[in-house]
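Visitor: Structure incoming, see below.
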Amino acid sequence: MEFKQLQYFVMVVQQSSFSEAAKKLHLSQPSLSKAIKNLESEVGFQLLERTTKRVQLTESGRVIYERALQILHEADILQQEIKEVKWTGSGSVQIGMIESVKNWLPSILLAHRQEFPSMHVKLIEVLGRGDVERALRQYAVHVCLTNQFIEASDIVTIPLYQEQLAVIMHPEHRLASKDSITLADLEEETFIVTSVGLQTRQDIFAAFAEEGVRMNICYEVERFETIVELVRENIGISIIPQKYFAHQSDPTLVIKTTNSKTLTRTVYLTYLEKRYMPPAIKVLIGSMQMQRDSSMNWKEGGELDE
């Protein structure tokens with residue numbers, strides 16, 4: 001039994017005429033009659049009573065007709081679902097991210113949700129370079145927002161924006177009232193830094209090394225959230241991305257930038273080059289790229305052209 005046979009059968013019943021059904025189906029009447037006879041032969045009983053004036057269902061034919069309507073209706077639903085899946089994939093997008101994008105990403109997600117209200121978004125914290133590569137290659141995430149420049153033939157790495165790394169301290173710290181500070185001012189201070197293997201730590205160490213300033217590292221933690229709480233307790237000072245903080249002031253912290261030109265980091269968008277992305281996810285990737293910092297001049301390969 002072919003799907004088209006059911007479509008032809010239903011059309012004949014709804015039109016109560018072979019000639020009218022043939023016109024609707026753009027078939028010749030003999031071809032339509034043959035298709036219905038073949039269907040009757042397959043099911044083993046007569047489906048239609050044919051008279052000179054009209055065509056009507058037999059008692060057995062009515063059972064097949066009702067079931068055929070259900071099948072065709074389900075097929076219509078399936079076709080719609082195929083279109084939706086083709087557009088949105090599984091209806092879910094997984095985004096790997098670093099902590100500091102929490103104040104950059106929401107506006108993009110809000111706009112995307114207005115266009116794709118049924119899309120389910122899962123945000124997954126992915127920190128180290130190895131974790132980023134594994135998450136992408138194992139399909140744990142569709143894209144990853146990271147401060148790691150991934151140089152790999154199968155991964156696309158696009159610079160989005162640069163962010164200043166800021167010094168945070170307790171309001172009662174001796175440097176809190178100072179108008180401007182240098183890295184030299186921070187020598188021998190009790191430092192709280194991120195764990196080994198994280199790019200922000202490397203960026204900070206590189207900046208201090210370039211200026212020949214020693215860091216007194218007393219605490220190592222994995223999350224900026226923990227660092228901030230330790231600083232609030234006046235346990236030490238730290239340096240974290242300025243974009244980690246919202247625009248409103250925080251009376252429990254003092255946030256200062258320095259005159260160091262190297263105390264910055266770049267945030268990148270990364271994804272597998274050959275992974276199939278449904279159009280809805282491509283739109284999201286495009287929205288992220290549209291938010292690239294246009295004031296920066298980027299060289300090929302993700303380097304900043306000063």
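Every chain in the structure tokens takes a letter, A first, then B, and so on in the order presented; its residues are numbered from 1, and the ligands are numbered from 1 following the presented order.
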Can you check which residues of range 60-277 of chain A DSSP gives as helix (DSSP H, G or I) on the backbone and send them as a PyMOL selection string?

Guide: chain A and resi 60-88+99-103+106-115+129-137+183-186+199-210+224-232+242-244

Visitor: Near Thr146 in chain A, counting only C-alpha atoms, which residues have an atom at most 6 Å away, once you skip same-chain residues fewer than 4 positions from it, shown as a list in words?

Guide: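 Contacts, in chain order: Ile98, Val267 and Tyr268 of chain A.
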
Visitor: Next, the residues of the selection above should be written as an mmCIF file, in the first residue's frame with N, CA, C and O atoms.

Guide:
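Dumped everything to result15.cif:
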data_model
loop_
_atom_site.group_PDB
_atom_site.id
_atom_site.type_symbol
_atom_site.label_atom_id
_atom_site.label_comp_id
_atom_site.auth_asym_id
_atom_site.auth_seq_id
_atom_site.Cartn_x
_atom_site.Cartn_y
_atom_site.Cartn_z
ATOM 1 N N ILE A 98 32.664 31.338 29.535
ATOM 2 C CA ILE A 98 33.451 31.736 30.697
ATOM 3 C C ILE A 98 32.597 32.694 31.527
ATOM 4 O O ILE A 98 31.622 33.265 31.038
ATOM 5 N N VAL A 267 38.159 37.935 24.185
ATOM 6 C CA VAL A 267 37.132 36.892 24.256
ATOM 7 C C VAL A 267 36.821 36.442 22.829
ATOM 8 O O VAL A 267 36.633 37.265 21.926
ATOM 9 N N TYR A 268 36.790 35.119 22.625
ATOM 10 C CA TYR A 268 36.607 34.538 21.302
ATOM 11 C C TYR A 268 35.318 33.716 21.224
ATOM 12 O O TYR A 268 34.852 33.161 22.233
#

Visitor: Can you work out which one of A:Leu284, A:Met215, A:Leu39, A:Ala152 has the shortest atom-to-atom distance to Arg137 in chain A, counting only C-alpha atoms?

Guide: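 Of all the options, A:Ala152 lies closest to Arg137 in chain A.
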
Visitor: Could you give me, as a list in words, each residue of range 157-231 of chain A that DSSP assigns to strand (DSSP E or B) when run on this structure's backbone?

Guide: Thr157, Ile158, Pro159, Leu160, Tyr161, Gln162, Glu163, Gln164, Leu165, Ala166, Val167, Ile168, Met169, Ile181, Thr190, Phe191, Ile192, Val193, Thr194, Asn216, Ile217, Cys218, Tyr219, Glu220 and Val221 of chain A

Visitor: At a cut-off of 7 Å, using only C-alpha atoms, what residues contact Ile181 in chain A? Leave out same-chain residues fewer than 3 positions from it and give the result as a list in words.

Guide: Lys178, Asp185 and Thr258 of chain A

Visitor: Ranking A:Asn259, A:Thr252, A:Asn234, A:Ser28 by minimum distance to Ala184 in chain A and counting only C-alpha atoms, which one comes first?

Guide: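 Answer, going by the shortest atom-to-atom distance: A:Asn259.
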
Visitor: Mind pulling up the distance from CA of Gln242 in chain A to CA of Gln164 in chain A?

Guide: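 Interatomic distance here is 5.7 Å.
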
Visitor: Quick one: residues within 9 Å of Ile36 in chain A, only C-alpha atoms, excluding same-chain residues fewer than 2 positions away - as a PyMOL selection string?

Guide: chain A and resi 5-6+8-9+31-34+38-41+47-48

Visitor: Could those residues be written to a file, using all heavy atoms, as a CSV table (one decimal), in the first residue's frame?

Guide:
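Below is the file again_19.csv, written as the result:
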chain,number,residue,atom,x,y,z
A,5,GLN,N,-1.8,6.3,-2.7
A,5,GLN,CA,-3.1,5.6,-2.9
A,5,GLN,C,-4.1,6.1,-1.8
A,5,GLN,O,-5.3,6.3,-2.1
A,5,GLN,CB,-2.9,4.1,-2.7
A,5,GLN,CG,-2.2,3.4,-3.9
A,5,GLN,CD,-1.9,1.9,-3.7
A,5,GLN,OE1,-1.3,1.5,-2.7
A,5,GLN,NE2,-2.4,1.1,-4.6
A,6,LEU,N,-3.6,6.3,-0.6
A,6,LEU,CA,-4.5,6.8,0.4
A,6,LEU,C,-4.9,8.2,0.1
A,6,LEU,O,-6.1,8.5,0.4
A,6,LEU,CB,-3.8,6.7,1.8
A,6,LEU,CG,-3.4,5.3,2.3
A,6,LEU,CD1,-2.8,5.4,3.7
A,6,LEU,CD2,-4.7,4.4,2.5
A,8,TYR,N,-5.2,9.5,-2.8
A,8,TYR,CA,-6.2,9.4,-3.9
A,8,TYR,C,-7.6,9.0,-3.4
A,8,TYR,O,-8.6,9.5,-3.8
A,8,TYR,CB,-5.7,8.5,-5.0
A,8,TYR,CG,-4.4,8.9,-5.7
A,8,TYR,CD1,-3.7,8.0,-6.5
A,8,TYR,CD2,-3.9,10.2,-5.6
A,8,TYR,CE1,-2.6,8.4,-7.2
A,8,TYR,CE2,-2.7,10.5,-6.2
A,8,TYR,CZ,-2.1,9.6,-7.0
A,8,TYR,OH,-0.9,10.0,-7.7
A,9,PHE,N,-7.5,8.0,-2.6
A,9,PHE,CA,-8.8,7.4,-2.0
A,9,PHE,C,-9.6,8.5,-1.3
A,9,PHE,O,-10.8,8.6,-1.5
A,9,PHE,CB,-8.4,6.2,-1.2
A,9,PHE,CG,-9.6,5.7,-0.4
A,9,PHE,CD1,-10.7,5.2,-1.0
A,9,PHE,CD2,-9.5,5.5,1.0
A,9,PHE,CE1,-11.8,4.7,-0.2
A,9,PHE,CE2,-10.5,5.0,1.8
A,9,PHE,CZ,-11.7,4.6,1.1
A,31,SER,N,-6.2,6.9,-14.8
A,31,SER,CA,-5.1,6.6,-13.8
A,31,SER,C,-5.6,6.6,-12.4
A,31,SER,O,-5.1,5.7,-11.6
A,31,SER,CB,-4.0,7.7,-14.0
A,31,SER,OG,-3.5,7.6,-15.3
A,32,LEU,N,-6.5,7.5,-12.1
A,32,LEU,CA,-7.1,7.5,-10.7
A,32,LEU,C,-7.9,6.2,-10.4
A,32,LEU,O,-7.8,5.6,-9.4
A,32,LEU,CB,-7.9,8.8,-10.5
A,32,LEU,CG,-8.6,8.9,-9.2
A,32,LEU,CD1,-7.5,8.9,-8.1
A,32,LEU,CD2,-9.4,10.2,-9.1
A,33,SER,N,-8.7,5.9,-11.4
A,33,SER,CA,-9.5,4.7,-11.2
A,33,SER,C,-8.7,3.4,-11.0
A,33,SER,O,-8.9,2.6,-10.2
A,33,SER,CB,-10.4,4.5,-12.5
A,33,SER,OG,-11.3,5.5,-12.6
A,34,LYS,N,-7.6,3.3,-11.8
A,34,LYS,CA,-6.7,2.2,-11.7
A,34,LYS,C,-6.0,2.2,-10.3
A,34,LYS,O,-5.9,1.1,-9.7
A,34,LYS,CB,-5.6,2.3,-12.8
A,34,LYS,CG,-4.6,1.1,-12.8
A,34,LYS,CD,-3.6,1.2,-13.9
A,34,LYS,CE,-2.7,0.0,-13.9
A,34,LYS,NZ,-1.6,0.1,-15.0
A,38,ASN,N,-6.4,-0.9,-7.6
A,38,ASN,CA,-5.2,-1.5,-7.0
A,38,ASN,C,-5.2,-1.5,-5.5
A,38,ASN,O,-4.8,-2.5,-4.8
A,38,ASN,CB,-3.9,-0.8,-7.5
A,38,ASN,CG,-3.6,-1.1,-8.9
A,38,ASN,OD1,-4.1,-2.0,-9.5
A,38,ASN,ND2,-2.8,-0.2,-9.5
A,39,LEU,N,-5.7,-0.4,-4.9
A,39,LEU,CA,-5.8,-0.3,-3.4
A,39,LEU,C,-6.9,-1.3,-3.0
A,39,LEU,O,-6.6,-2.1,-2.0
A,39,LEU,CB,-6.2,1.1,-3.0
A,39,LEU,CG,-6.5,1.3,-1.5
A,39,LEU,CD1,-5.2,1.0,-0.8
A,39,LEU,CD2,-6.9,2.8,-1.3
A,40,GLU,N,-8.0,-1.4,-3.6
A,40,GLU,CA,-9.0,-2.4,-3.3
A,40,GLU,C,-8.5,-3.8,-3.4
A,40,GLU,O,-8.8,-4.7,-2.5
A,40,GLU,CB,-10.3,-2.2,-4.1
A,40,GLU,CG,-11.0,-0.9,-3.8
A,40,GLU,CD,-12.2,-0.7,-4.7
A,40,GLU,OE1,-12.1,-1.0,-6.0
A,40,GLU,OE2,-13.3,-0.2,-4.2
A,41,SER,N,-7.7,-4.0,-4.4
A,41,SER,CA,-7.1,-5.4,-4.6
A,41,SER,C,-6.2,-5.7,-3.4
A,41,SER,O,-6.1,-6.9,-2.9
A,41,SER,CB,-6.4,-5.4,-5.9
A,41,SER,OG,-5.7,-6.7,-6.1
A,47,LEU,N,-14.0,-0.8,-1.6
A,47,LEU,CA,-14.0,0.4,-0.8
A,47,LEU,C,-15.1,1.4,-1.2
A,47,LEU,O,-15.6,2.1,-0.3
A,47,LEU,CB,-12.6,1.1,-0.9
A,47,LEU,CG,-11.4,0.3,-0.4
A,47,LEU,CD1,-10.1,1.1,-0.7
A,47,LEU,CD2,-11.5,0.0,1.1
A,48,LEU,N,-15.4,1.4,-2.5
A,48,LEU,CA,-16.3,2.4,-3.0
A,48,LEU,C,-17.4,1.7,-3.8
A,48,LEU,O,-17.2,0.7,-4.5
A,48,LEU,CB,-15.6,3.4,-3.9
A,48,LEU,CG,-14.5,4.2,-3.2
A,48,LEU,CD1,-13.7,4.9,-4.3
A,48,LEU,CD2,-15.0,5.2,-2.2

Visitor: Which residue gives the smallest distance to Tyr244 in chain A among A:Thr157, A:Ser19, A:Gln114, A:Ser100, with only C-alpha atoms counted?

Guide: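 Among the listed residues, A:Ser100 lies closest to Tyr244 in chain A.
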
Visitor: Find the distance between CA of Gly128 in chain A and CA of Thr270 in chain A and write it in Å to one decimal.

Guide: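 Atom-to-atom, CA of Gly128 in chain A and CA of Thr270 in chain A are spaced 13.3 Å apart.
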
Visitor: Please provide as number ranges by chain all residues within 9 Å of Arg223 in chain A, with the sequence filter that same-chain residues fewer than 6 positions apart are discarded (counting only C-alpha atoms).

Guide: A: 99, 194-195

Visitor: Considering only C-alpha atoms, return as a compact mmCIF listing (two decimals) with all heavy atoms, in the first residue's frame whatever protein or nucleic-acid residues lie within 12 Å of Glu59 in chain A, sequence-local ones (same chain, fewer than 6 positions apart) excluded.

Guide:
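Listing of out18.txt after writing:
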# COMPACT_ATOMS: atom_id res chain seq x y z
N PHE A 45 -11.03 -6.08 -0.35
CA PHE A 45 -12.47 -5.85 -0.38
C PHE A 45 -12.76 -4.51 -1.05
O PHE A 45 -11.89 -3.67 -1.20
CB PHE A 45 -13.10 -5.91 1.02
CG PHE A 45 -12.42 -5.06 2.04
CD1 PHE A 45 -12.67 -3.69 2.14
CD2 PHE A 45 -11.51 -5.62 2.94
CE1 PHE A 45 -12.05 -2.91 3.09
CE2 PHE A 45 -10.88 -4.85 3.90
CZ PHE A 45 -11.14 -3.48 3.97
N GLN A 46 -14.04 -4.33 -1.42
CA GLN A 46 -14.46 -3.12 -2.12
C GLN A 46 -14.53 -1.95 -1.16
O GLN A 46 -15.06 -2.06 -0.05
CB GLN A 46 -15.83 -3.34 -2.80
CG GLN A 46 -16.27 -2.20 -3.68
CD GLN A 46 -17.59 -2.48 -4.38
OE1 GLN A 46 -18.07 -3.62 -4.37
NE2 GLN A 46 -18.17 -1.46 -4.99
N LEU A 47 -14.00 -0.84 -1.58
CA LEU A 47 -14.00 0.37 -0.75
C LEU A 47 -15.09 1.35 -1.16
O LEU A 47 -15.62 2.08 -0.31
CB LEU A 47 -12.63 1.08 -0.85
CG LEU A 47 -11.42 0.29 -0.38
CD1 LEU A 47 -10.14 1.05 -0.72
CD2 LEU A 47 -11.49 0.03 1.11
N LEU A 48 -15.40 1.39 -2.46
CA LEU A 48 -16.33 2.38 -2.98
C LEU A 48 -17.45 1.74 -3.79
O LEU A 48 -17.24 0.75 -4.48
CB LEU A 48 -15.58 3.38 -3.88
CG LEU A 48 -14.47 4.18 -3.22
CD1 LEU A 48 -13.66 4.91 -4.28
CD2 LEU A 48 -15.04 5.17 -2.21
N GLU A 49 -18.63 2.33 -3.64
CA GLU A 49 -19.76 1.96 -4.48
C GLU A 49 -19.86 3.02 -5.57
O GLU A 49 -19.96 4.20 -5.30
CB GLU A 49 -21.05 1.94 -3.64
CG GLU A 49 -21.01 0.91 -2.56
CD GLU A 49 -22.19 -0.03 -2.67
OE1 GLU A 49 -23.00 0.13 -3.59
OE2 GLU A 49 -22.26 -0.94 -1.85
N TYR A 65 -11.36 4.59 5.31
CA TYR A 65 -11.37 6.04 5.09
C TYR A 65 -11.02 6.79 6.37
O TYR A 65 -10.18 7.71 6.38
CB TYR A 65 -12.73 6.48 4.57
CG TYR A 65 -12.87 7.98 4.44
CD1 TYR A 65 -12.18 8.69 3.46
CD2 TYR A 65 -13.71 8.68 5.31
CE1 TYR A 65 -12.31 10.07 3.35
CE2 TYR A 65 -13.85 10.05 5.21
CZ TYR A 65 -13.14 10.74 4.23
OH TYR A 65 -13.27 12.11 4.12
N GLU A 66 -11.66 6.41 7.47
CA GLU A 66 -11.39 7.09 8.75
C GLU A 66 -9.93 6.93 9.16
O GLU A 66 -9.29 7.86 9.64
CB GLU A 66 -12.30 6.54 9.85
CG GLU A 66 -13.78 6.80 9.64
CD GLU A 66 -14.13 8.28 9.66
OE1 GLU A 66 -13.39 9.06 10.30
OE2 GLU A 66 -15.14 8.66 9.05

Visitor: Find the residue from A:Leu109, A:Val228, A:Ile217, A:Leu25 that sits nearest to Phe191 in chain A; use only C-alpha atoms when measuring.

Guide: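 Comparing A:Leu109, A:Val228, A:Ile217, A:Leu25 against Phe191 in chain A, the winner is A:Ile217.
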
Visitor: Counting only C-alpha atoms, which of A:Ile64, A:Ile192, A:Val12, A:Ile285 gets nearest to Gln94 in chain A?

Guide: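 Nearest candidate to Gln94 in chain A out of A:Ile64, A:Ile192, A:Val12, A:Ile285: A:Ile285.
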
Visitor: For Leu123 in chain A, list every protein, DNA or RNA residue within 12 Å, evaluated using only C-alpha atoms, and leave out those in the same chain fewer than 4 positions away; present the list as JSON, numbers by chain.

Guide: {"A": [92, 93, 94, 95, 96, 97, 98, 99, 101, 102, 105, 106, 109, 140, 141, 142, 143, 144, 145]}

Visitor: If you keep C-alpha atoms, can you produce a file of those selected residues as a PDB file, in the first residue's frame?

Guide:
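Final output, out24.pdb:
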ATOM      1  CA  SER A  92      18.111  23.031  21.971  1.00  0.00           C
ATOM      2  CA  VAL A  93      21.416  24.909  21.860  1.00  0.00           C
ATOM      3  CA  GLN A  94      24.331  24.331  24.226  1.00  0.00           C
ATOM      4  CA  ILE A  95      26.684  27.272  24.766  1.00  0.00           C
ATOM      5  CA  GLY A  96      30.013  26.865  26.525  1.00  0.00           C
ATOM      6  CA  MET A  97      31.061  30.025  28.314  1.00  0.00           C
ATOM      7  CA  ILE A  98      33.451  31.736  30.697  1.00  0.00           C
ATOM      8  CA  GLU A  99      32.153  33.640  33.696  1.00  0.00           C
ATOM      9  CA  VAL A 101      30.391  36.885  29.468  1.00  0.00           C
ATOM     10  CA  LYS A 102      27.443  36.846  31.874  1.00  0.00           C
ATOM     11  CA  LEU A 105      25.477  37.419  26.509  1.00  0.00           C
ATOM     12  CA  PRO A 106      21.943  38.117  27.909  1.00  0.00           C
ATOM     13  CA  LEU A 109      19.880  35.561  24.053  1.00  0.00           C
ATOM     14  CA  ALA A 140      28.789  18.811  24.330  1.00  0.00           C
ATOM     15  CA  VAL A 141      28.350  22.403  23.108  1.00  0.00           C
ATOM     16  CA  HIS A 142      27.496  23.976  19.755  1.00  0.00           C
ATOM     17  CA  VAL A 143      29.674  27.033  20.371  1.00  0.00           C
ATOM     18  CA  CYS A 144      32.014  28.197  23.095  1.00  0.00           C
ATOM     19  CA  LEU A 145      32.725  31.715  24.336  1.00  0.00           C
TER      20      LEU A 145
END
